[in-house]
Amino acid sequence: MSHGNMNLTLKVWKQKNKDTKGKFETYNAKGISPDMSFLEMFDVVNEQLINEGKEPIAFDHDCREGICGMCSMYINGRPHGPKEGVTTCQLHMRSFKDGDTIVVEPWRSAAFPVIKDLAVDRSSFDRIMAAGGFVSVNTGNAKDANNILIPKPDADEAFNAAACIGCGACVAACKNSSAMLFVSAKVSQLALLPQGKVEAQQRVLNMVKQMDEEGFGNCTNTGACEAECPKSISLENIARMNREYLWASATSKD
Amino acid sequence: MVFTFVRFIYNFNSLLMSKSGLLKSSIGKKFLMGLTGLFLISFLLVHCFINALIFVNDGGETFNKGAEFMGTNWLIRTMEIVLFLGIILHIVQALVLTLENRKARPVAYAVTNGGANSTWYSRWMGLLGTLILMFLIIHLKHFWVVTRFTDHIAHSAADALPGQETMFGEMKEVFEHTWVVVLYCLSMISLAYHLLHGFQSAFQTLGLNHKKYTPMIKTAGVIFSILIPVIFAAMPIAMHFNIIK
Ligand code: HEM
Ligand code: SF4
Ligand code: FES
């Protein structure tokens with residue numbers, strides 16, 4: 001055990017499945033290196049649990065480099081923990097102190113039912129995407145980059161919106177469990193570009209309808225989503241979606 | 001002309017209420033919240049300006065003229081009805097949205113650190129609104145009920161019958177009580193915080209967010225949210241301590 005390793009107390013939410021009630025379980029994490037990621041710390045704890053013949057803690061992860069959006073954990077009252085602009089897999093244990101007690105909960109939202117422990121079902125996001133988060137023409141082979149001219153600011157804004165990794169931290173952070181930041185990012189990344197504009201009206205109507213049906217709450221513009229988003233998606237996208245939606249529902253033919 | 005107008009209202013109504021209609025959606029409900037909120041803000045501005053006429057400090061002469069105009073002008077009287085509808089819509093929508101939001105998170109977090117990502121008053125808009133509503137009920141009972149439903153209030157000091165008061169006199173009387181002054185001041189603090197979030201929030205809800213204009217809207221919102229409640233609070237204070245005679 002190298003110098004500077006930490007001993008921590010973890011209070012982790014354990015829940016068998018979406019139909020049972022969960023409760024907190026306390027674990028001791030010993031000899032944790034400050035250079036480990038939060039997920040690696042869980043790996044250490046789980047290895048120990050398995051060696052002792054106990055059930056490991058279930059949590060989601062995939063890329064472990066901040067791009068897949070799987071590592072949903074609500075750490076000490078904040079999604080993805082205390083650091084701004086990072087996912088849980090990119091959070092290092094040096095953000096904590098030796099002897100700390102860390103409370104870890106799953107995303108809590110009616111639209112994200114718990115699968116097990118910290119892993120939640122985010123297929124509601126997939127259904128929102130399936131409702132309109134695409135361009136329905138076949139794009140064929142790659143064309144010359146300047147076939148359709150796109151102003152640089154528009155391209156940049158669309159790109160920034162497209163940085164959303166669908167992690168759900170916005171929903172987890174929001175006191176209303178609203179999915180407005182996610183949906184608005186997905187609406188915006190297409191609405192800003194000529195290829196996406198064609199279906200913009202129908203897209204925003206369908207995606208918002210699906211969002212409401214999934215049981216997400218209503219936005220009150222607290223801005224918690226933007227502050228906690230690991231990709232710093234801007235609230236401007238929500239205003240754009242409101243604008244697009246209001247205009248689309250006023251002018252749509254049905 | 002009348003027919004076209006009725007048709008328009010009808011179409012507008014079906015736009016809002018139809019099955020796929022605007023008001024069935026989260027964004028539509030919020031739209032109504034924002035519109036009524038901005039309407040209430042415009043009312044505050046007029047109300048504050050008229051009442052501030054007491055600061056002319058001429059024994060209420062100017063203020064009573066203003067109050068008479070507000071009480072008799074047909075446009076203002078019509079707007080009074082619209083105002084009541086606006087407040088009711090704002091409150092009903094607030095209730096509907098808040099209940100839906102509760103349902104969206106059936107199991108609460110054990111630990112939350114909201115202060116890390118949002119202002120406390122943005123998270124407590126419902127409570128601040130409820131405090132404002134309680135104030136409104138008492139406030140309406142103090143002044144509106146007395147004016148509309150009793151003949152206690154005279155238009156001016158000159159035509160006051162025995163036992164009658166002008167609006168100005170009525171204010172002086174009500175604000176003699178210390179608890180009323182304290183209640184009004186505390187309520188203005190609630191209003192200030194409600195507006196501090198609400199003013200800019202309404203623009204965002206209506207989709208009005210712009211790199212150039214949003215900073216201006218936010219600044220205007222802060223100035224409005226502090227200035228208007230401070231002027232309102234100054235009225236009972238000034239009357240209570242006889243600064244205004
Ligand atoms: C003079 C009185 C009032 C004014 C000027 C006012 C103004 C506003 C404004 C401008 C908003 C922002 C709307 C938006 O974001 O789209 C708002 C939101 C809200 N108001 Fe009021 N309001 C008043 C009274 C009330 C009352 C009496 C209640 C409740 C009983 C209430 C409850 C709420 C709630 C829950 C919100 C939602 C928070 C949000 O979306 O930001 N308000 N109000
Ligand atoms: S908007 Fe941000 S917080 Fe929300 S899903 Fe996308 S990346 Fe995650
Ligand atoms: S595991 Fe992929 S973003 Fe964290």
# chains A, B, ... in the order shown; residues from 1 in each chain; ligands from 1
>>> select_by_dssp(residues="stretch 21-237 of chain B", states="alpha helix (DSSP H)", output="ChimeraX atom specification")
/B:26-51,61-72,74-103,120-123,125-139,145-149,167-174,178-205,214-237
>>> residues_near_ligand(ligand="ligand 1", cutoff="9 Å", atoms="only C-alpha atoms and all ligand atoms", output="number ranges by chain")
A: 218-222; B: 30-44, 87-88, 90-95, 97-98, 122-136, 191, 194-206
>>> closest_atom_pairs(of="chain A", to="chain B", cutoff="8 Å", atoms="only C-alpha atoms", output="JSON lines")
{"residue": "A:Asn76", "atom": "CA", "partner": "B:Val111", "partner_atom": "CA", "distance": 6.2}
{"residue": "A:Gly77", "atom": "CA", "partner": "B:Thr112", "partner_atom": "CA", "distance": 3.7}
{"residue": "A:Arg78", "atom": "CA", "partner": "B:Asn113", "partner_atom": "CA", "distance": 6.1}
{"residue": "A:Val103", "atom": "CA", "partner": "B:Val111", "partner_atom": "CA", "distance": 7.4}
{"residue": "A:Glu105", "atom": "CA", "partner": "B:Tyr109", "partner_atom": "CA", "distance": 7.4}
{"residue": "A:Arg108", "atom": "CA", "partner": "B:Arg105", "partner_atom": "CA", "distance": 6.2}
{"residue": "A:Ser109", "atom": "CA", "partner": "B:Arg105", "partner_atom": "CA", "distance": 4.6}
{"residue": "A:Ala110", "atom": "CA", "partner": "B:Ala104", "partner_atom": "CA", "distance": 5.1}
{"residue": "A:Ala111", "atom": "CA", "partner": "B:Ala104", "partner_atom": "CA", "distance": 7.2}
{"residue": "A:Lys175", "atom": "CA", "partner": "B:Arg123", "partner_atom": "CA", "distance": 7.3}
{"residue": "A:Asn176", "atom": "CA", "partner": "B:Asn101", "partner_atom": "CA", "distance": 4.8}
{"residue": "A:Ser177", "atom": "CA", "partner": "B:Ala104", "partner_atom": "CA", "distance": 5.9}
{"residue": "A:Val208", "atom": "CA", "partner": "B:Ser25", "partner_atom": "CA", "distance": 7.7}
{"residue": "A:Lys209", "atom": "CA", "partner": "B:Ser25", "partner_atom": "CA", "distance": 6.9}
{"residue": "A:Asp212", "atom": "CA", "partner": "B:Ser26", "partner_atom": "CA", "distance": 6.6}
{"residue": "A:Gly215", "atom": "CA", "partner": "B:Ala104", "partner_atom": "CA", "distance": 5.9}
{"residue": "A:Phe216", "atom": "CA", "partner": "B:Ala104", "partner_atom": "CA", "distance": 5.5}
{"residue": "A:Gly217", "atom": "CA", "partner": "B:Asn101", "partner_atom": "CA", "distance": 4.6}
{"residue": "A:Asn218", "atom": "CA", "partner": "B:Ser26", "partner_atom": "CA", "distance": 5.7}
{"residue": "A:Cys219", "atom": "CA", "partner": "B:Lys30", "partner_atom": "CA", "distance": 7.8}
{"residue": "A:Thr220", "atom": "CA", "partner": "B:Ser201", "partner_atom": "CA", "distance": 7.5}
{"residue": "A:Asn221", "atom": "CA", "partner": "B:Ser201", "partner_atom": "CA", "distance": 6.0}
{"residue": "A:Thr222", "atom": "CA", "partner": "B:Ser122", "partner_atom": "CA", "distance": 5.3}
{"residue": "A:Gly223", "atom": "CA", "partner": "B:Ser118", "partner_atom": "CA", "distance": 6.1}
{"residue": "A:Ala224", "atom": "CA", "partner": "B:Asn117", "partner_atom": "CA", "distance": 4.7}
{"residue": "A:Cys225", "atom": "CA", "partner": "B:Asn117", "partner_atom": "CA", "distance": 7.8}
{"residue": "A:Ala227", "atom": "CA", "partner": "B:Asn117", "partner_atom": "CA", "distance": 5.4}
{"residue": "A:Glu228", "atom": "CA", "partner": "B:Asn117", "partner_atom": "CA", "distance": 6.7}
{"residue": "A:Glu236", "atom": "CA", "partner": "B:Asn209", "partner_atom": "CA", "distance": 6.1}
{"residue": "A:Ile238", "atom": "CA", "partner": "B:Gly207", "partner_atom": "CA", "distance": 7.6}
{"residue": "A:Ala239", "atom": "CA", "partner": "B:Gly207", "partner_atom": "CA", "distance": 4.0}
{"residue": "A:Arg240", "atom": "CA", "partner": "B:Gly207", "partner_atom": "CA", "distance": 5.8}
{"residue": "A:Met241", "atom": "CA", "partner": "B:Gly207", "partner_atom": "CA", "distance": 7.3}
{"residue": "A:Asn242", "atom": "CA", "partner": "B:Gly207", "partner_atom": "CA", "distance": 5.0}
{"residue": "A:Arg243", "atom": "CA", "partner": "B:Gly207", "partner_atom": "CA", "distance": 4.4}
{"residue": "A:Tyr245", "atom": "CA", "partner": "B:Ile27", "partner_atom": "CA", "distance": 7.7}
{"residue": "A:Leu246", "atom": "CA", "partner": "B:Gly28", "partner_atom": "CA", "distance": 7.3}
{"residue": "A:Ser249", "atom": "CA", "partner": "B:Leu22", "partner_atom": "CA", "distance": 6.6}
{"residue": "A:Ala250", "atom": "CA", "partner": "B:Leu15", "partner_atom": "CA", "distance": 7.4}
>>> write_last_selection(atoms="N, CA, C and O atoms", output="compact mmCIF listing (two decimals), in the first residue's frame")
# COMPACT_ATOMS: atom_id res chain seq x y z
N ASN A 76 -22.78 12.06 -3.22
CA ASN A 76 -22.87 13.16 -2.24
C ASN A 76 -23.79 14.29 -2.72
O ASN A 76 -23.47 15.46 -2.62
N GLY A 77 -24.95 13.91 -3.25
CA GLY A 77 -25.95 14.91 -3.61
C GLY A 77 -25.78 15.55 -4.97
O GLY A 77 -26.47 16.52 -5.28
N ARG A 78 -24.83 15.04 -5.77
CA ARG A 78 -24.66 15.61 -7.12
C ARG A 78 -24.40 14.51 -8.14
O ARG A 78 -23.65 13.57 -7.87
N VAL A 103 -21.82 9.12 -0.03
CA VAL A 103 -23.15 8.54 -0.26
C VAL A 103 -23.38 8.42 -1.76
O VAL A 103 -23.26 9.40 -2.49
N GLU A 105 -26.01 7.16 -4.76
CA GLU A 105 -27.39 6.77 -5.09
C GLU A 105 -27.54 6.63 -6.60
O GLU A 105 -26.75 7.20 -7.36
N ARG A 108 -32.53 9.14 -9.74
CA ARG A 108 -33.89 8.89 -9.25
C ARG A 108 -34.90 9.66 -10.10
O ARG A 108 -35.00 10.87 -10.03
N SER A 109 -35.62 8.89 -10.90
CA SER A 109 -36.64 9.48 -11.76
C SER A 109 -37.61 8.38 -12.16
O SER A 109 -37.20 7.24 -12.40
N ALA A 110 -38.89 8.73 -12.23
CA ALA A 110 -39.90 7.73 -12.62
C ALA A 110 -39.58 7.18 -14.00
O ALA A 110 -39.85 6.02 -14.31
N ALA A 111 -38.95 8.03 -14.85
CA ALA A 111 -38.66 7.62 -16.22
C ALA A 111 -37.36 6.81 -16.32
O ALA A 111 -37.03 6.33 -17.40
N LYS A 175 -34.62 19.22 -10.04
CA LYS A 175 -35.55 18.95 -8.95
C LYS A 175 -36.89 18.45 -9.49
O LYS A 175 -37.69 17.87 -8.76
N ASN A 176 -37.15 18.70 -10.78
CA ASN A 176 -38.40 18.24 -11.40
C ASN A 176 -38.21 16.99 -12.26
O ASN A 176 -39.14 16.59 -12.95
N SER A 177 -37.02 16.41 -12.26
CA SER A 177 -36.71 15.28 -13.15
C SER A 177 -37.07 15.62 -14.59
O SER A 177 -37.64 14.81 -15.32
N VAL A 208 -41.01 15.98 -28.11
CA VAL A 208 -41.56 16.52 -26.86
C VAL A 208 -42.74 15.67 -26.39
O VAL A 208 -42.89 15.40 -25.19
N LYS A 209 -43.56 15.20 -27.35
CA LYS A 209 -44.70 14.35 -26.99
C LYS A 209 -44.18 13.09 -26.29
O LYS A 209 -44.69 12.69 -25.24
N ASP A 212 -42.91 13.80 -22.78
CA ASP A 212 -44.00 13.93 -21.80
C ASP A 212 -44.58 12.57 -21.44
O ASP A 212 -44.89 12.29 -20.28
N GLY A 215 -42.95 10.44 -18.73
CA GLY A 215 -43.12 10.80 -17.32
C GLY A 215 -42.01 11.65 -16.73
O GLY A 215 -41.82 11.68 -15.52
N PHE A 216 -41.26 12.37 -17.59
CA PHE A 216 -40.32 13.36 -17.07
C PHE A 216 -41.10 14.56 -16.57
O PHE A 216 -42.23 14.80 -17.01
N GLY A 217 -40.51 15.33 -15.65
CA GLY A 217 -41.20 16.49 -15.09
C GLY A 217 -41.10 17.72 -15.99
O GLY A 217 -40.57 17.65 -17.10
N ASN A 218 -41.62 18.84 -15.49
CA ASN A 218 -41.64 20.09 -16.26
C ASN A 218 -40.53 21.03 -15.81
O ASN A 218 -40.33 21.24 -14.61
N CYS A 219 -39.89 21.63 -16.79
CA CYS A 219 -38.75 22.52 -16.53
C CYS A 219 -39.18 23.79 -15.80
O CYS A 219 -40.19 24.40 -16.14
N THR A 220 -38.43 24.19 -14.76
CA THR A 220 -38.67 25.51 -14.16
C THR A 220 -37.42 26.39 -14.26
O THR A 220 -37.25 27.34 -13.49
N ASN A 221 -36.56 26.07 -15.20
CA ASN A 221 -35.40 26.91 -15.49
C ASN A 221 -34.49 27.18 -14.29
O ASN A 221 -33.95 28.28 -14.16
N THR A 222 -34.31 26.18 -13.42
CA THR A 222 -33.40 26.39 -12.30
C THR A 222 -31.95 26.39 -12.78
O THR A 222 -31.07 26.94 -12.11
N GLY A 223 -31.70 25.75 -13.92
CA GLY A 223 -30.34 25.72 -14.47
C GLY A 223 -29.43 24.66 -13.86
O GLY A 223 -28.25 24.61 -14.17
N ALA A 224 -30.00 23.78 -13.01
CA ALA A 224 -29.19 22.73 -12.39
C ALA A 224 -28.62 21.79 -13.45
O ALA A 224 -27.49 21.30 -13.33
N CYS A 225 -29.39 21.55 -14.52
CA CYS A 225 -28.96 20.63 -15.58
C CYS A 225 -27.67 21.13 -16.24
O CYS A 225 -26.69 20.39 -16.37
N ALA A 227 -25.51 23.23 -15.11
CA ALA A 227 -24.39 23.25 -14.17
C ALA A 227 -23.81 21.86 -13.98
O ALA A 227 -22.61 21.72 -13.74
N GLU A 228 -24.63 20.82 -14.06
CA GLU A 228 -24.14 19.46 -13.78
C GLU A 228 -23.80 18.67 -15.04
O GLU A 228 -23.24 17.58 -14.95
N GLU A 236 -29.37 27.59 -23.66
CA GLU A 236 -29.88 28.20 -24.90
C GLU A 236 -30.61 27.17 -25.75
O GLU A 236 -31.54 27.50 -26.47
N ILE A 238 -32.53 24.83 -24.63
CA ILE A 238 -33.90 24.69 -24.12
C ILE A 238 -34.77 25.82 -24.67
O ILE A 238 -35.90 25.59 -25.10
N ALA A 239 -34.23 27.04 -24.68
CA ALA A 239 -35.00 28.16 -25.24
C ALA A 239 -35.29 27.90 -26.72
O ALA A 239 -36.40 28.14 -27.20
N ARG A 240 -34.29 27.37 -27.44
CA ARG A 240 -34.50 27.08 -28.86
C ARG A 240 -35.61 26.05 -29.03
O ARG A 240 -36.48 26.21 -29.88
N MET A 241 -35.59 25.03 -28.19
CA MET A 241 -36.63 24.00 -28.31
C MET A 241 -38.01 24.58 -27.97
O MET A 241 -38.99 24.28 -28.66
N ASN A 242 -38.09 25.41 -26.93
CA ASN A 242 -39.37 26.05 -26.60
C ASN A 242 -39.90 26.82 -27.79
O ASN A 242 -41.06 26.74 -28.16
N ARG A 243 -39.01 27.61 -28.40
CA ARG A 243 -39.33 28.43 -29.56
C ARG A 243 -39.82 27.55 -30.71
O ARG A 243 -40.89 27.77 -31.27
N TYR A 245 -40.90 24.52 -30.61
CA TYR A 245 -42.11 23.77 -30.26
C TYR A 245 -43.34 24.67 -30.34
O TYR A 245 -44.36 24.30 -30.93
N LEU A 246 -43.25 25.87 -29.75
CA LEU A 246 -44.39 26.78 -29.73
C LEU A 246 -44.78 27.16 -31.16
O LEU A 246 -45.95 27.16 -31.52
N SER A 249 -46.28 24.06 -32.98
CA SER A 249 -47.65 23.68 -32.62
C SER A 249 -48.65 24.75 -33.05
O SER A 249 -49.82 24.45 -33.27
N ALA A 250 -48.19 26.00 -33.22
CA ALA A 250 -49.09 27.03 -33.71
C ALA A 250 -49.33 26.90 -35.21
O ALA A 250 -50.39 27.27 -35.71
>>> closest_residue(among="A:Leu8, A:Thr101, A:Glu157, A:Pro230", to="A:Gly66", atoms="only C-alpha atoms")
A:Pro230
>>> residues_near_ligand(ligand="ligand 3", cutoff="8 Å", atoms="only C-alpha atoms and all ligand atoms", output="list in words")
Asp60, His61, Asp62, Cys63, Arg64, Glu65, Gly66, Ile67, Cys68, Gly69, Met70, Cys71, Ser72, Thr87, Thr88, Cys89, Gln90, Ile165 and Cys167 of chain A
>>> write_last_selection(atoms="N, CA and C atoms", output="mmCIF file, in the first residue's frame")
data_model
loop_
_atom_site.group_PDB
_atom_site.id
_atom_site.type_symbol
_atom_site.label_atom_id
_atom_site.label_comp_id
_atom_site.auth_asym_id
_atom_site.auth_seq_id
_atom_site.Cartn_x
_atom_site.Cartn_y
_atom_site.Cartn_z
ATOM 1 N N ASP A 60 -23.366 0.734 -13.739
ATOM 2 C CA ASP A 60 -23.192 0.777 -15.190
ATOM 3 C C ASP A 60 -21.874 1.433 -15.568
ATOM 4 N N HIS A 61 -21.238 0.934 -16.604
ATOM 5 C CA HIS A 61 -20.031 1.574 -17.132
ATOM 6 C C HIS A 61 -19.744 0.937 -18.479
ATOM 7 N N ASP A 62 -19.026 1.656 -19.321
ATOM 8 C CA ASP A 62 -18.639 1.062 -20.595
ATOM 9 C C ASP A 62 -17.301 1.623 -21.037
ATOM 10 N N CYS A 63 -17.278 2.858 -21.528
ATOM 11 C CA CYS A 63 -16.057 3.387 -22.134
ATOM 12 C C CYS A 63 -14.989 3.744 -21.110
ATOM 13 N N ARG A 64 -15.411 4.199 -19.958
ATOM 14 C CA ARG A 64 -14.512 4.704 -18.905
ATOM 15 C C ARG A 64 -13.604 5.820 -19.411
ATOM 16 N N GLU A 65 -14.070 6.543 -20.428
ATOM 17 C CA GLU A 65 -13.298 7.715 -20.857
ATOM 18 C C GLU A 65 -14.206 8.898 -21.148
ATOM 19 N N GLY A 66 -15.368 8.904 -20.540
ATOM 20 C CA GLY A 66 -16.207 10.098 -20.596
ATOM 21 C C GLY A 66 -16.984 10.292 -21.873
ATOM 22 N N ILE A 67 -17.199 9.241 -22.666
ATOM 23 C CA ILE A 67 -17.923 9.462 -23.915
ATOM 24 C C ILE A 67 -19.183 8.618 -24.090
ATOM 25 N N CYS A 68 -19.366 7.571 -23.266
ATOM 26 C CA CYS A 68 -20.531 6.724 -23.520
ATOM 27 C C CYS A 68 -21.738 7.128 -22.684
ATOM 28 N N GLY A 69 -21.504 7.763 -21.552
ATOM 29 C CA GLY A 69 -22.618 8.238 -20.733
ATOM 30 C C GLY A 69 -23.247 7.181 -19.846
ATOM 31 N N MET A 70 -22.581 6.037 -19.669
ATOM 32 C CA MET A 70 -23.197 4.955 -18.892
ATOM 33 C C MET A 70 -23.067 5.117 -17.377
ATOM 34 N N CYS A 71 -22.002 5.754 -16.913
ATOM 35 C CA CYS A 71 -21.610 5.649 -15.499
ATOM 36 C C CYS A 71 -22.438 6.553 -14.577
ATOM 37 N N SER A 72 -23.732 6.267 -14.529
ATOM 38 C CA SER A 72 -24.644 7.101 -13.747
ATOM 39 C C SER A 72 -24.509 6.823 -12.254
ATOM 40 N N THR A 87 -17.659 13.032 -16.066
ATOM 41 C CA THR A 87 -18.513 11.895 -15.733
ATOM 42 C C THR A 87 -17.875 11.148 -14.555
ATOM 43 N N THR A 88 -18.612 10.177 -13.996
ATOM 44 C CA THR A 88 -18.092 9.450 -12.826
ATOM 45 C C THR A 88 -16.786 8.725 -13.155
ATOM 46 N N CYS A 89 -16.680 8.196 -14.372
ATOM 47 C CA CYS A 89 -15.469 7.457 -14.733
ATOM 48 C C CYS A 89 -14.253 8.378 -14.812
ATOM 49 N N GLN A 90 -14.495 9.669 -14.968
ATOM 50 C CA GLN A 90 -13.402 10.648 -15.070
ATOM 51 C C GLN A 90 -13.156 11.371 -13.747
ATOM 52 N N ILE A 165 -23.974 13.242 -24.426
ATOM 53 C CA ILE A 165 -23.720 11.801 -24.460
ATOM 54 C C ILE A 165 -24.899 10.993 -23.902
ATOM 55 N N CYS A 167 -26.240 10.913 -20.944
ATOM 56 C CA CYS A 167 -25.936 10.279 -19.656
ATOM 57 C C CYS A 167 -27.087 10.373 -18.665
#
>>> residues_around(residues="B:Arg148", least_positions_apart="6", cutoff="12 Å", atoms="only C-alpha atoms", output="PDB file with N, CA, C and O atoms, in the first residue's frame")
ATOM      1  N   GLY B  71     -60.400  53.153 -10.402  1.00  0.00           N
ATOM      2  CA  GLY B  71     -61.644  52.527  -9.968  1.00  0.00           C
ATOM      3  C   GLY B  71     -62.789  52.742 -10.944  1.00  0.00           C
ATOM      4  O   GLY B  71     -63.784  52.014 -10.903  1.00  0.00           O
ATOM      5  N   THR B  72     -62.666  53.722 -11.841  1.00  0.00           N
ATOM      6  CA  THR B  72     -63.808  54.055 -12.693  1.00  0.00           C
ATOM      7  C   THR B  72     -63.540  53.863 -14.188  1.00  0.00           C
ATOM      8  O   THR B  72     -64.473  53.648 -14.944  1.00  0.00           O
ATOM      9  N   ARG B  77     -61.085  48.696 -15.444  1.00  0.00           N
ATOM     10  CA  ARG B  77     -62.024  47.754 -14.819  1.00  0.00           C
ATOM     11  C   ARG B  77     -62.066  46.425 -15.579  1.00  0.00           C
ATOM     12  O   ARG B  77     -62.197  45.363 -14.984  1.00  0.00           O
ATOM     13  N   GLU B  80     -59.057  44.519 -14.779  1.00  0.00           N
ATOM     14  CA  GLU B  80     -59.138  43.932 -13.442  1.00  0.00           C
ATOM     15  C   GLU B  80     -59.633  42.491 -13.535  1.00  0.00           C
ATOM     16  O   GLU B  80     -59.120  41.598 -12.851  1.00  0.00           O
ATOM     17  N   LEU B 140     -56.202  41.920  -0.503  1.00  0.00           N
ATOM     18  CA  LEU B 140     -57.482  42.181  -1.167  1.00  0.00           C
ATOM     19  C   LEU B 140     -58.554  42.492  -0.135  1.00  0.00           C
ATOM     20  O   LEU B 140     -59.412  43.345  -0.347  1.00  0.00           O
ATOM     21  N   LYS B 141     -58.492  41.798   0.985  1.00  0.00           N
ATOM     22  CA  LYS B 141     -59.470  42.039   2.034  1.00  0.00           C
ATOM     23  C   LYS B 141     -59.278  43.456   2.595  1.00  0.00           C
ATOM     24  O   LYS B 141     -60.245  44.182   2.837  1.00  0.00           O
ATOM     25  N   HIS B 142     -58.066  43.876   2.746  1.00  0.00           N
ATOM     26  CA  HIS B 142     -57.782  45.224   3.264  1.00  0.00           C
ATOM     27  C   HIS B 142     -58.357  46.320   2.382  1.00  0.00           C
ATOM     28  O   HIS B 142     -58.897  47.301   2.869  1.00  0.00           O
ATOM     29  N   ALA B 154     -64.866  57.012  -0.152  1.00  0.00           N
ATOM     30  CA  ALA B 154     -65.295  58.155  -0.963  1.00  0.00           C
ATOM     31  C   ALA B 154     -64.224  58.469  -1.992  1.00  0.00           C
ATOM     32  O   ALA B 154     -63.053  58.151  -1.795  1.00  0.00           O
ATOM     33  N   MET B 167     -59.455  56.647  -0.193  1.00  0.00           N
ATOM     34  CA  MET B 167     -58.543  55.506  -0.305  1.00  0.00           C
ATOM     35  C   MET B 167     -57.284  55.780   0.519  1.00  0.00           C
ATOM     36  O   MET B 167     -56.765  54.889   1.203  1.00  0.00           O
TER      37      MET B 167
END
>>> residues_near_ligand(ligand="ligand 2", cutoff="7 Å", atoms="only C-alpha atoms and all ligand atoms", output="JSON, numbers by chain")
{"A": [69, 163, 164, 165, 166, 167, 168, 169, 170, 171, 181, 182, 185, 225, 228, 229, 230, 231, 232, 233]}
>>> residues_around(residues="stretch 230-238 of chain B", least_positions_apart="3", cutoff="8 Å", atoms="only C-alpha atoms", output="MDAnalysis selection string")
chainID B and resid 48 52 54 175 181 184:185 188 226:227 241:244
>>> write_last_selection(atoms="N, CA, C and O atoms", output="tab-separated table (two decimals), in the first residue's frame")
chain	number	residue	atom	x	y	z
B	48	CYS	N	-47.70	49.78	-8.88
B	48	CYS	CA	-46.65	50.43	-8.11
B	48	CYS	C	-46.61	51.93	-8.43
B	48	CYS	O	-46.50	52.76	-7.55
B	52	ALA	N	-47.45	54.87	-5.83
B	52	ALA	CA	-46.33	55.72	-5.45
B	52	ALA	C	-46.74	57.19	-5.43
B	52	ALA	O	-46.00	58.03	-4.92
B	54	ILE	N	-48.67	58.43	-3.49
B	54	ILE	CA	-48.76	58.87	-2.09
B	54	ILE	C	-47.50	59.63	-1.69
B	54	ILE	O	-47.54	60.47	-0.80
B	175	PHE	N	-52.46	50.86	7.88
B	175	PHE	CA	-51.03	50.77	8.19
B	175	PHE	C	-50.67	51.30	9.57
B	175	PHE	O	-49.49	51.40	9.92
B	181	VAL	N	-47.76	46.19	8.82
B	181	VAL	CA	-46.54	46.71	8.19
B	181	VAL	C	-45.49	45.59	8.08
B	181	VAL	O	-44.88	45.40	7.03
B	184	TYR	N	-46.57	43.10	5.39
B	184	TYR	CA	-46.38	43.63	4.03
B	184	TYR	C	-44.91	43.59	3.64
B	184	TYR	O	-44.56	43.23	2.52
B	185	CYS	N	-44.03	43.95	4.59
B	185	CYS	CA	-42.60	43.97	4.27
B	185	CYS	C	-42.08	42.56	4.00
B	185	CYS	O	-41.36	42.32	3.02
B	188	MET	N	-43.16	41.37	0.65
B	188	MET	CA	-42.42	41.97	-0.46
B	188	MET	C	-41.07	41.28	-0.66
B	188	MET	O	-40.55	41.23	-1.76
B	226	ILE	N	-35.88	44.05	-7.33
B	226	ILE	CA	-35.51	44.71	-6.08
B	226	ILE	C	-36.27	46.03	-5.93
B	226	ILE	O	-36.88	46.31	-4.90
B	227	LEU	N	-36.30	46.81	-7.02
B	227	LEU	CA	-36.87	48.15	-6.97
B	227	LEU	C	-38.36	48.14	-6.62
B	227	LEU	O	-38.80	48.84	-5.70
B	241	PHE	N	-44.98	55.45	10.06
B	241	PHE	CA	-44.15	56.37	10.84
B	241	PHE	C	-44.47	57.84	10.52
B	241	PHE	O	-43.66	58.72	10.81
B	242	ASN	N	-45.64	58.04	9.88
B	242	ASN	CA	-46.12	59.41	9.62
B	242	ASN	C	-45.17	60.26	8.81
B	242	ASN	O	-45.15	61.48	8.93
B	243	ILE	N	-44.33	59.59	7.99
B	243	ILE	CA	-43.48	60.36	7.08
B	243	ILE	C	-44.38	60.93	6.00
B	243	ILE	O	-44.16	62.02	5.49
B	244	ILE	N	-45.42	60.17	5.67
B	244	ILE	CA	-46.44	60.68	4.76
B	244	ILE	C	-47.67	61.01	5.56
B	244	ILE	O	-48.20	60.17	6.29
>>> residues_around(residues="A:Leu149", least_positions_apart="5", cutoff="12 Å", atoms="only C-alpha atoms", output="ChimeraX atom specification")
/A:144,154-155,193-195
>>> select_by_dssp(residues="stretch 6-95 of chain A", states="strand (DSSP E or B)", output="count of residues only")
25
>>> residues_around(residues="B:Gly59", least_positions_apart="6", cutoff="10 Å", atoms="only C-alpha atoms", output="list in words")
Ala157, Phe168, Gly169, Ile244 and Lys245 of chain B
>>> closest_residue(among="A:Glu47, A:Met207, A:Lys54, A:Phe96", to="A:Pro82", atoms="only C-alpha atoms")
A:Phe96
>>> closest_residue(among="A:Met41, A:Ala158, A:Ala172, A:Met180", to="A:Ile102", atoms="only C-alpha atoms")
A:Met41
